[in-house]
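Asks: For reference, the file entry_3.pdb (PDB, C-alpha atoms and all ligand atoms) is included below:
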```pdb
MODEL        1
ATOM      1  CA  MET N   1       0.000   0.000   0.000
ATOM      2  CA  ILE N   2       1.264   3.488  -0.822
ATOM      3  CA  SER N   3       1.849   5.447   2.377
ATOM      4  CA  GLN N   4       3.690   8.513   1.074
ATOM      5  CA  ARG N   5       3.780  10.733  -1.981
ATOM      6  CA  VAL N   6       6.972  12.672  -2.430
ATOM      7  CA  LEU N   7       8.986  14.702  -4.879
ATOM      8  CA  MET N   8      12.690  13.768  -4.990
ATOM      9  CA  ARG N   9      14.759  16.794  -5.975
ATOM     10  CA  ALA N  10      18.002  18.648  -5.336
ATOM     11  CA  MET N  11      18.290  20.653  -2.107
ATOM     12  CA  ARG N  12      17.930  24.431  -2.422
ATOM     13  CA  SER N  13      18.918  27.270  -0.073
ATOM     14  CA  GLU N  14      15.332  27.791   1.051
ATOM     15  CA  ASP N  15      15.230  24.174   2.292
ATOM     16  CA  ILE N  16      18.006  24.739   4.822
ATOM     17  CA  PRO N  17      15.856  25.656   7.877
ATOM     18  CA  GLN N  18      13.781  22.453   7.562
ATOM     19  CA  VAL N  19      16.856  20.351   6.793
ATOM     20  CA  VAL N  20      18.605  21.739   9.881
ATOM     21  CA  ASP N  21      15.536  20.875  11.997
ATOM     22  CA  ILE N  22      15.548  17.240  10.809
ATOM     23  CA  ASP N  23      19.325  17.094  11.206
ATOM     24  CA  ARG N  24      19.200  18.360  14.822
ATOM     25  CA  ALA N  25      16.506  15.816  15.672
ATOM     26  CA  SER N  26      18.495  12.989  14.042
ATOM     27  CA  PHE N  27      22.151  13.458  14.981
ATOM     28  CA  PRO N  28      24.089  14.367  18.130
ATOM     29  CA  MET N  29      26.513  16.424  15.977
ATOM     30  CA  PRO N  30      24.301  18.094  13.346
ATOM     31  CA  TRP N  31      25.651  20.217  10.517
ATOM     32  CA  SER N  32      25.133  23.983  10.728
ATOM     33  CA  ALA N  33      23.079  26.036   8.281
ATOM     34  CA  ARG N  34      26.376  27.501   7.013
ATOM     35  CA  THR N  35      27.680  24.028   6.237
ATOM     36  CA  TYR N  36      24.582  23.313   4.157
ATOM     37  CA  GLU N  37      24.982  26.659   2.374
ATOM     38  CA  PHE N  38      28.563  25.734   1.523
ATOM     39  CA  GLU N  39      27.556  22.245   0.375
ATOM     40  CA  ILE N  40      24.788  23.612  -1.877
ATOM     41  CA  SER N  41      27.249  26.046  -3.463
ATOM     42  CA  ASN N  42      29.854  23.318  -3.972
ATOM     43  CA  ILE N  43      28.084  21.991  -7.051
ATOM     44  CA  SER N  44      31.118  20.316  -8.605
ATOM     45  CA  THR N  45      31.431  17.833  -5.723
ATOM     46  CA  SER N  46      28.398  17.874  -3.452
ATOM     47  CA  HIS N  47      25.047  16.381  -4.443
ATOM     48  CA  LEU N  48      22.291  17.073  -1.931
ATOM     49  CA  ILE N  49      18.866  15.506  -2.186
ATOM     50  CA  VAL N  50      15.570  16.216  -0.414
ATOM     51  CA  LEU N  51      12.183  14.526  -0.323
ATOM     52  CA  GLU N  52       9.327  17.002  -0.347
ATOM     53  CA  THR N  53       5.645  16.440   0.403
ATOM     54  CA  TRP N  54       2.693  18.752   1.052
ATOM     55  CA  PRO N  55       0.303  19.187   3.962
ATOM     56  CA  ASP N  56      -3.293  18.307   3.076
ATOM     57  CA  ASP N  57      -6.543  19.753   4.483
ATOM     58  CA  THR N  58      -6.232  17.699   7.633
ATOM     59  CA  GLY N  59      -2.742  18.994   8.267
ATOM     60  CA  GLN N  60      -1.212  15.666   7.277
ATOM     61  CA  ALA N  61       1.774  15.993   5.013
ATOM     62  CA  HIS N  62       0.671  13.654   2.248
ATOM     63  CA  GLY N  63      -2.233  12.941  -0.055
ATOM     64  CA  LEU N  64      -2.790  13.251  -3.768
ATOM     65  CA  ARG N  65      -5.374  15.968  -3.146
ATOM     66  CA  ALA N  66      -2.750  18.008  -1.330
ATOM     67  CA  ALA N  67      -0.291  17.571  -4.184
ATOM     68  CA  ILE N  68      -2.883  18.675  -6.756
ATOM     69  CA  ARG N  69      -3.860  21.648  -4.616
ATOM     70  CA  ARG N  70      -0.233  22.684  -4.516
ATOM     71  CA  LEU N  71      -0.245  22.917  -8.300
ATOM     72  CA  TRP N  72      -2.987  25.521  -7.893
ATOM     73  CA  LYS N  73      -1.546  27.151  -4.813
ATOM     74  CA  PRO N  74       2.225  26.911  -5.203
ATOM     75  CA  GLN N  75       2.662  29.197  -2.174
ATOM     76  CA  THR N  76       1.513  26.337   0.068
ATOM     77  CA  PRO N  77       4.699  25.522   1.945
ATOM     78  CA  ALA N  78       6.348  22.249   1.083
ATOM     79  CA  VAL N  79       7.226  19.943   3.932
ATOM     80  CA  LEU N  80      10.574  18.187   3.812
ATOM     81  CA  VAL N  81      10.558  14.629   5.119
ATOM     82  CA  GLY N  82      14.164  13.633   4.457
ATOM     83  CA  TYR N  83      17.471  14.637   2.943
ATOM     84  CA  GLY N  84      20.862  13.257   2.075
ATOM     85  CA  GLY N  85      24.247  14.214   0.727
ATOM     86  CA  CYS N  86      26.843  12.590  -1.484
ATOM     87  CA  TRP N  87      30.344  13.817  -2.330
ATOM     88  CA  LEU N  88      31.468  12.595  -5.706
ATOM     89  CA  VAL N  89      35.241  12.854  -6.239
ATOM     90  CA  ALA N  90      37.396  10.787  -8.616
ATOM     91  CA  GLY N  91      34.868   7.955  -8.896
ATOM     92  CA  GLU N  92      34.220   7.781  -5.147
ATOM     93  CA  ALA N  93      30.623   8.433  -4.044
ATOM     94  CA  HIS N  94      30.872   9.239  -0.335
ATOM     95  CA  ILE N  95      27.483   9.290   1.377
ATOM     96  CA  SER N  96      28.061  12.249   3.707
ATOM     97  CA  THR N  97      24.690  12.343   5.442
ATOM     98  CA  ILE N  98      21.195  10.871   5.288
ATOM     99  CA  ALA N  99      18.178  11.300   7.548
ATOM    100  CA  VAL N 100      14.422  10.915   7.488
ATOM    101  CA  HIS N 101      12.102  12.943   9.739
ATOM    102  CA  ARG N 102      11.172  10.806  12.753
ATOM    103  CA  ASP N 103       7.457  10.829  11.890
ATOM    104  CA  TYR N 104       8.140   9.375   8.454
ATOM    105  CA  ARG N 105      10.631   6.599   9.156
ATOM    106  CA  GLY N 106      10.035   2.957   8.273
ATOM    107  CA  GLN N 107       8.119   3.706   5.080
ATOM    108  CA  GLY N 108      10.830   3.344   2.472
ATOM    109  CA  LEU N 109      11.978   6.978   2.354
ATOM    110  CA  GLY N 110      15.513   6.274   3.586
ATOM    111  CA  GLU N 111      15.852   3.743   0.789
ATOM    112  CA  LEU N 112      14.547   6.235  -1.723
ATOM    113  CA  LEU N 113      17.155   8.784  -0.635
ATOM    114  CA  LEU N 114      20.010   6.292  -0.776
ATOM    115  CA  ALA N 115      18.969   4.775  -4.109
ATOM    116  CA  GLY N 116      18.426   8.249  -5.570
ATOM    117  CA  MET N 117      21.913   9.383  -4.555
ATOM    118  CA  LEU N 118      23.557   6.194  -5.831
ATOM    119  CA  ILE N 119      21.816   6.332  -9.216
ATOM    120  CA  ARG N 120      22.835   9.952  -9.658
ATOM    121  CA  ALA N 121      26.405   9.116  -8.634
ATOM    122  CA  ILE N 122      26.546   6.299 -11.199
ATOM    123  CA  ASN N 123      25.096   8.599 -13.872
ATOM    124  CA  LEU N 124      27.935  11.026 -13.098
ATOM    125  CA  GLY N 125      30.718   8.424 -13.167
ATOM    126  CA  GLY N 126      30.722   7.028  -9.617
ATOM    127  CA  GLU N 127      32.665   3.758  -9.474
ATOM    128  CA  TYR N 128      32.250   2.811  -5.811
ATOM    129  CA  SER N 129      30.590   4.180  -2.689
ATOM    130  CA  VAL N 130      31.787   4.574   0.896
ATOM    131  CA  LEU N 131      30.342   5.895   4.139
ATOM    132  CA  GLU N 132      30.911   5.983   7.886
ATOM    133  CA  VAL N 133      28.252   4.835  10.314
ATOM    134  CA  ARG N 134      28.174   4.652  14.103
ATOM    135  CA  ALA N 135      28.989   1.153  15.304
ATOM    136  CA  SER N 136      25.741   1.199  17.332
ATOM    137  CA  ASN N 137      23.502   2.390  14.473
ATOM    138  CA  GLN N 138      21.917  -0.928  13.553
ATOM    139  CA  VAL N 139      19.052   0.626  11.578
ATOM    140  CA  ALA N 140      21.323   2.538   9.207
ATOM    141  CA  GLN N 141      23.658  -0.449   8.862
ATOM    142  CA  ALA N 142      20.687  -2.634   7.860
ATOM    143  CA  LEU N 143      19.736  -0.077   5.209
ATOM    144  CA  TYR N 144      23.289  -0.018   3.841
ATOM    145  CA  ARG N 145      23.589  -3.818   3.829
ATOM    146  CA  LYS N 146      20.338  -3.969   1.842
ATOM    147  CA  TYR N 147      22.148  -1.855  -0.752
ATOM    148  CA  GLU N 148      25.134  -4.256  -0.665
ATOM    149  CA  TYR N 149      27.521  -2.175   1.434
ATOM    150  CA  GLU N 150      29.992  -4.248   3.447
ATOM    151  CA  VAL N 151      32.086  -3.293   6.453
ATOM    152  CA  VAL N 152      35.668  -2.732   5.264
ATOM    153  CA  GLY N 153      37.167  -0.954   8.258
ATOM    154  CA  ARG N 154      36.694   0.571  11.684
ATOM    155  CA  ARG N 155      37.712   4.097  12.687
ATOM    156  CA  ARG N 156      38.318   4.030  16.434
ATOM    157  CA  GLY N 157      36.905   6.979  18.421
ATOM    158  CA  TYR N 158      35.751   8.662  15.188
ATOM    159  CA  TYR N 159      32.780  10.551  16.705
ATOM    160  CA  ARG N 160      33.946  13.538  18.730
ATOM    161  CA  ASP N 161      30.863  13.816  20.962
ATOM    162  CA  ASP N 162      31.226  10.455  22.699
ATOM    163  CA  GLY N 163      34.234   8.775  21.113
ATOM    164  CA  GLU N 164      32.152   6.044  19.461
ATOM    165  CA  ASP N 165      33.792   4.029  16.691
ATOM    166  CA  ALA N 166      32.695   4.405  13.072
ATOM    167  CA  LEU N 167      32.352   1.465  10.746
ATOM    168  CA  LEU N 168      33.600   2.182   7.256
ATOM    169  CA  MET N 169      31.251   0.580   4.735
ATOM    170  CA  GLU N 170      31.736   0.241   1.020
ATOM    171  CA  VAL N 171      29.953  -1.064  -2.043
ATOM    172  CA  ARG N 172      31.850  -1.703  -5.276
ATOM    173  CA  PRO N 173      31.728  -1.731  -8.173
ATOM    174  CA  LEU N 174      28.860   0.624  -9.039
ATOM    175  CA  ASP N 175      28.729  -1.043 -12.452
ATOM    176  CA  SER N 176      25.846  -1.480 -14.860
ATOM    177  CA  ALA N 177      24.720  -4.688 -13.103
ATOM    178  CA  TYR N 178      24.550  -2.826  -9.772
ATOM    179  CA  ARG N 179      22.682   0.026 -11.468
ATOM    180  CA  GLN N 180      20.135  -2.488 -12.769
ATOM    181  CA  ARG N 181      19.666  -3.872  -9.249
ATOM    182  CA  LEU N 182      19.194  -0.325  -7.933
ATOM    183  CA  ILE N 183      16.551   0.386 -10.530
ATOM    184  CA  ALA N 184      14.779  -2.872  -9.612
ATOM    185  CA  ARG N 185      14.815  -1.753  -5.952
ATOM    186  CA  LEU N 186      13.354   1.617  -6.929
ATOM    187  CA  GLU N 187      10.591  -0.126  -8.878
ATOM    188  CA  ALA N 188       9.847  -2.313  -5.839
ATOM    189  CA  LEU N 189       9.701   0.838  -3.696
ATOM    190  CA  ARG N 190       6.938   2.180  -5.926
ATOM    191  CA  GLN N 191       4.622  -0.308  -4.172
ATOM    192  CA  ARG N 192       5.179   1.670  -0.944
ATOM    193  CA  VAL N 193       5.984   5.233  -2.019
ATOM    194  CA  TYR N 194       4.601   7.317  -4.865
ATOM    195  CA  PHE N 195       7.533   9.423  -5.981
ATOM    196  CA  VAL N 196       8.405  11.838  -8.733
ATOM    197  CA  ASP N 197      12.118  11.831  -9.586
ATOM    198  CA  ARG N 198      13.634  15.213 -10.402
ATOM    199  CA  PHE N 199      17.027  14.278  -8.980
ATOM    200  CA  THR N 200      18.782  11.332 -10.535
ATOM    201  CA  ARG N 201      19.129  12.903 -13.979
ATOM    202  CA  SER N 202      19.235  16.603 -13.026
TER     203      SER N 202
HETATM  204  C1  LIG H 301      18.610   5.418   8.764
HETATM  205  C2  LIG H 301      17.326   6.078   8.238
HETATM  206  C3  LIG H 301      17.707   7.154   7.215
HETATM  207  C4  LIG H 301      16.459   5.017   7.555
HETATM  208  O1  LIG H 301      15.344   5.660   6.983
HETATM  209  P1  LIG H 301      13.896   4.971   6.957
HETATM  210  O2  LIG H 301      13.054   5.786   6.041
HETATM  211  O3  LIG H 301      13.401   4.773   8.321
HETATM  212  O4  LIG H 301      14.264   3.552   6.316
HETATM  213  P2  LIG H 301      13.386   2.714   5.283
HETATM  214  O5  LIG H 301      11.967   2.687   5.732
HETATM  215  O6  LIG H 301      13.667   3.185   3.913
HETATM  216  O7  LIG H 301      13.996   1.263   5.502
HETATM  217  C5  LIG H 301      15.016   0.772   4.660
HETATM  218  C6  LIG H 301      15.764  -0.339   5.333
HETATM  219  O8  LIG H 301      16.426   0.174   6.490
HETATM  220  C7  LIG H 301      16.408  -0.844   7.513
HETATM  221  N1  LIG H 301      15.537  -0.414   8.611
HETATM  222  C8  LIG H 301      14.666   0.627   8.637
HETATM  223  N2  LIG H 301      14.086   0.715   9.854
HETATM  224  C9  LIG H 301      14.594  -0.293  10.591
HETATM  225  C10 LIG H 301      14.417  -0.710  11.942
HETATM  226  N3  LIG H 301      13.570  -0.069  12.772
HETATM  227  N4  LIG H 301      15.128  -1.770  12.388
HETATM  228  C11 LIG H 301      16.005  -2.422  11.587
HETATM  229  N5  LIG H 301      16.215  -2.069  10.283
HETATM  230  C12 LIG H 301      15.520  -1.011   9.809
HETATM  231  C13 LIG H 301      15.830  -2.074   6.867
HETATM  232  O9  LIG H 301      16.879  -2.765   6.227
HETATM  233  C14 LIG H 301      14.911  -1.457   5.830
HETATM  234  O10 LIG H 301      14.594  -2.347   4.785
HETATM  235  P3  LIG H 301      13.255  -3.270   4.893
HETATM  236  O11 LIG H 301      12.110  -2.306   4.846
HETATM  237  O12 LIG H 301      13.338  -4.151   3.693
HETATM  238  O13 LIG H 301      13.352  -3.982   6.212
HETATM  239  C15 LIG H 301      16.507   6.696   9.400
HETATM  240  O14 LIG H 301      16.322   5.709  10.395
HETATM  241  C16 LIG H 301      17.145   7.911  10.047
HETATM  242  O15 LIG H 301      16.944   9.030   9.600
HETATM  243  N6  LIG H 301      17.914   7.688  11.126
HETATM  244  C17 LIG H 301      18.568   8.803  11.840
HETATM  245  C18 LIG H 301      19.728   9.358  11.067
HETATM  246  C19 LIG H 301      20.766   8.280  10.782
HETATM  247  O16 LIG H 301      21.081   7.460  11.618
HETATM  248  N7  LIG H 301      21.322   8.337   9.553
HETATM  249  C20 LIG H 301      22.363   7.423   9.136
HETATM  250  C21 LIG H 301      23.695   8.021   9.435
HETATM  251  S1  LIG H 301      25.033   6.953   8.971
ENDMDL
END
```
Would you mind writing the structure in this file as structure tokens?
Ligand SMILES: CC(C)(COP(=O)(O)OP(=O)(O)OC[C@H]1O[C@@H](n2cnc3c(N)ncnc32)[C@H](O)[C@@H]1OP(=O)(O)O)[C@@H](O)C(=O)NCCC(=O)NCCS
Replies:
Amino acid sequence: MISQRVLMRAMRSEDIPQVVDIDRASFPMPWSARTYEFEISNISTSHLIVLETWPDDTGQAHGLRAAIRRLWKPQTPAVLVGYGGCWLVAGEAHISTIAVHRDYRGQGLGELLLAGMLIRAINLGGEYSVLEVRASNQVAQALYRKYEYEVVGRRRGYYRDDGEDALLMEVRPLDSAYRQRLIARLEALRQRVYFVDRFTRS
């Protein structure tokens, strides 16, 4: 059953306040608004994605009616439900951040963000992908394993707030066979999430 309807697009400056809110609620060491401004301006390397939905008449941030109404009333504020970032340098797609608003987790949106970033990275020449994840973050690790990341290292005391270790995870190669598997995963996600993609090819 479809539980969410979202637009997948590149992050813009006006998104920063909502992104910072989700970030603060998701991470002990959130990025600042200035960091996001820098990342958005760093277009040669940094690829930032958001998922946007719209509040409907009942105040709930989904619904086809709400989406249609937005076409008529574009001033209706969009609601961001998740975001992510990927640095693409010399074939390496480094997932720098990813988070879904607490109220919207467990519905496939984290997958959509990750798959969206990986497809775009492949389209732009990404050859492999890496990321760091807290050793205790089982949920995120499960998401990454689903997308074929494997643990390839451990960075001791990596997180400055509490000295927790980071696991270094990697998936390679991001070849055409992997791209096909990603696209199959996106198609499977369509059973759970209605999404419009304005990111992977932009
Ligand atoms: C990690 C995060 C982005 C996942 O987003 P989400 O929208 O809740 O995840 P999805 O619904 O797309 O789930 C995708 C996969 O993640 C894993 N997952 C999600 N929720 C899980 C849970 N409660 N327990 C275990 N695995 C879980 C599963 O592998 C799931 O696949 P499945 O549906 O086939 O079981 C989200 O939990 C989050 O924002 N966490 C806080 C920020 C964070 O930790 N970011 C990662 C930093 S490295």
Asks: Go through segment 136-176 of chain N residue by residue and, counting only C-alpha atoms, keep those with an atom at most 10 Å from segment 85-93 of chain N; for each kept residue give the shortest atom pair and its distance in Å to one decimal, ordered by chain and increasing number, as a tab-separated table.
Replies:
```
residue	atom	partner	partner_atom	distance
N:Glu170	CA	N:Ala93	CA	9.7
N:Val171	CA	N:Ala93	CA	9.7
N:Arg172	CA	N:Glu92	CA	9.8
N:Leu174	CA	N:Ala93	CA	9.4
```
Asks: On this structure, which residues satisfy the PyMOL selection byres (((chain N and resi 122) around 12) and not hetatm), written as a PyMOL selection string?
Replies: chain N and resi 86+88-89+91-93+115-121+123-129+172-180+182-183+200-201
Asks: Quick one: write out the picked residues with C-alpha atoms as a CSV table (one decimal), in the frame of the given file?
Replies:
```csv
chain,number,residue,atom,x,y,z
N,86,CYS,CA,26.8,12.6,-1.5
N,88,LEU,CA,31.5,12.6,-5.7
N,89,VAL,CA,35.2,12.9,-6.2
N,91,GLY,CA,34.9,8.0,-8.9
N,92,GLU,CA,34.2,7.8,-5.1
N,93,ALA,CA,30.6,8.4,-4.0
N,115,ALA,CA,19.0,4.8,-4.1
N,116,GLY,CA,18.4,8.2,-5.6
N,117,MET,CA,21.9,9.4,-4.6
N,118,LEU,CA,23.6,6.2,-5.8
N,119,ILE,CA,21.8,6.3,-9.2
N,120,ARG,CA,22.8,10.0,-9.7
N,121,ALA,CA,26.4,9.1,-8.6
N,123,ASN,CA,25.1,8.6,-13.9
N,124,LEU,CA,27.9,11.0,-13.1
N,125,GLY,CA,30.7,8.4,-13.2
N,126,GLY,CA,30.7,7.0,-9.6
N,127,GLU,CA,32.7,3.8,-9.5
N,128,TYR,CA,32.2,2.8,-5.8
N,129,SER,CA,30.6,4.2,-2.7
N,172,ARG,CA,31.8,-1.7,-5.3
N,173,PRO,CA,31.7,-1.7,-8.2
N,174,LEU,CA,28.9,0.6,-9.0
N,175,ASP,CA,28.7,-1.0,-12.5
N,176,SER,CA,25.8,-1.5,-14.9
N,177,ALA,CA,24.7,-4.7,-13.1
N,178,TYR,CA,24.6,-2.8,-9.8
N,179,ARG,CA,22.7,0.0,-11.5
N,180,GLN,CA,20.1,-2.5,-12.8
N,182,LEU,CA,19.2,-0.3,-7.9
N,183,ILE,CA,16.6,0.4,-10.5
N,200,THR,CA,18.8,11.3,-10.5
N,201,ARG,CA,19.1,12.9,-14.0
```
Asks: Could you list, as a PyMOL selection string, all the residues within 6 Å of ligand LIG 301 (chain H), counting all atoms listed in the file?
Replies: chain N and resi 26+97-100+105-111+133+139-140+142-143+146
Asks: Which one of N:Val19, N:Leu114, N:Leu131, N:Met169 sits closest to Arg185 of chain N if you count only C-alpha atoms?
Replies: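 Result for the nearest residue to Arg185 of chain N: N:Leu114.
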Asks: Hey, can I get the axis-aligned box for segment 160-166 of chain N? All listed atoms, 6 Å padding on each side, centre and edge lengths in Å to one decimal, as lines of an AutoDock Vina configuration file.
Replies:
```
center_x = 32.5
center_y = 8.9
center_z = 17.9
size_x = 15.4
size_y = 21.8
size_z = 21.6
```
Asks: Name the residues captured by the PyMOL selection byres (((chain N and resi 166) around 10) and not hetatm) when it is applied to the shown file; answer as a PDB file with C-alpha atoms, in the frame of the given file.
Replies:
```
ATOM      1  CA  LEU N 131      30.342   5.895   4.139  1.00  0.00           C
ATOM      2  CA  GLU N 132      30.911   5.983   7.886  1.00  0.00           C
ATOM      3  CA  VAL N 133      28.252   4.835  10.314  1.00  0.00           C
ATOM      4  CA  ARG N 134      28.174   4.652  14.103  1.00  0.00           C
ATOM      5  CA  ALA N 135      28.989   1.153  15.304  1.00  0.00           C
ATOM      6  CA  SER N 136      25.741   1.199  17.332  1.00  0.00           C
ATOM      7  CA  ASN N 137      23.502   2.390  14.473  1.00  0.00           C
ATOM      8  CA  GLY N 153      37.167  -0.954   8.258  1.00  0.00           C
ATOM      9  CA  ARG N 154      36.694   0.571  11.684  1.00  0.00           C
ATOM     10  CA  ARG N 155      37.712   4.097  12.687  1.00  0.00           C
ATOM     11  CA  ARG N 156      38.318   4.030  16.434  1.00  0.00           C
ATOM     12  CA  GLY N 157      36.905   6.979  18.421  1.00  0.00           C
ATOM     13  CA  TYR N 158      35.751   8.662  15.188  1.00  0.00           C
ATOM     14  CA  TYR N 159      32.780  10.551  16.705  1.00  0.00           C
ATOM     15  CA  GLY N 163      34.234   8.775  21.113  1.00  0.00           C
ATOM     16  CA  GLU N 164      32.152   6.044  19.461  1.00  0.00           C
ATOM     17  CA  ASP N 165      33.792   4.029  16.691  1.00  0.00           C
ATOM     18  CA  LEU N 167      32.352   1.465  10.746  1.00  0.00           C
ATOM     19  CA  LEU N 168      33.600   2.182   7.256  1.00  0.00           C
ATOM     20  CA  MET N 169      31.251   0.580   4.735  1.00  0.00           C
TER      21      MET N 169
END
```
Asks: Applied to the shown file, which residues does the PyMOL selection byres (((chain N and resi 28) around 10) and not hetatm) return, written as an MDAnalysis selection string?
Replies: chainID N and resid 23:27 29:31 159:162
Asks: For Tyr149 of chain N, which residue among N:Met1, N:Met8, N:Ile16, N:Ile95 is the nearest when counting all atoms listed in the file?
Replies: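 Between N:Met1, N:Met8, N:Ile16, N:Ile95, the residue approaching Tyr149 of chain N most closely is N:Ile95.
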Asks: Work out how far apart atom CA of Ile22 of chain N and atom CA of Trp54 of chain N are and give it in Å to one decimal.
Replies: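 Computing the Euclidean distance for atom CA of Ile22 of chain N and atom CA of Trp54 of chain N yields 16.2 Å.
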Asks: So how far away is atom CA of Gly84 of chain N from atom CA of Tyr147 of chain N, in Å?
Replies: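 Computed distance, atom CA of Tyr147 of chain N to atom CA of Gly84 of chain N, equals 15.4 Å.
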Asks: Quick one: of N:Ser46, N:Arg192, N:Thr53, N:Gln138, who's nearest to His94 of chain N, counting all atoms listed in the file?
Replies: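 For His94 of chain N, the nearest of the candidates is N:Ser46.
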Asks: Looking at N:Ser96, N:Ser3, N:Gln141, N:Ser202, which one is nearest to Tyr83 of chain N, with distances taken over only C-alpha atoms?
Replies: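 For Tyr83 of chain N, the nearest of the candidates is N:Ser96.
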Asks: So that I can check the surroundings of Arg12 of chain N, please list as a ChimeraX atom specification every protein, DNA and RNA residue that reaches within 10 Å of it, counting only C-alpha atoms and ignoring chain neighbours fewer than 4 positions away.
Replies: /N:16,36-37,40-41,48-50
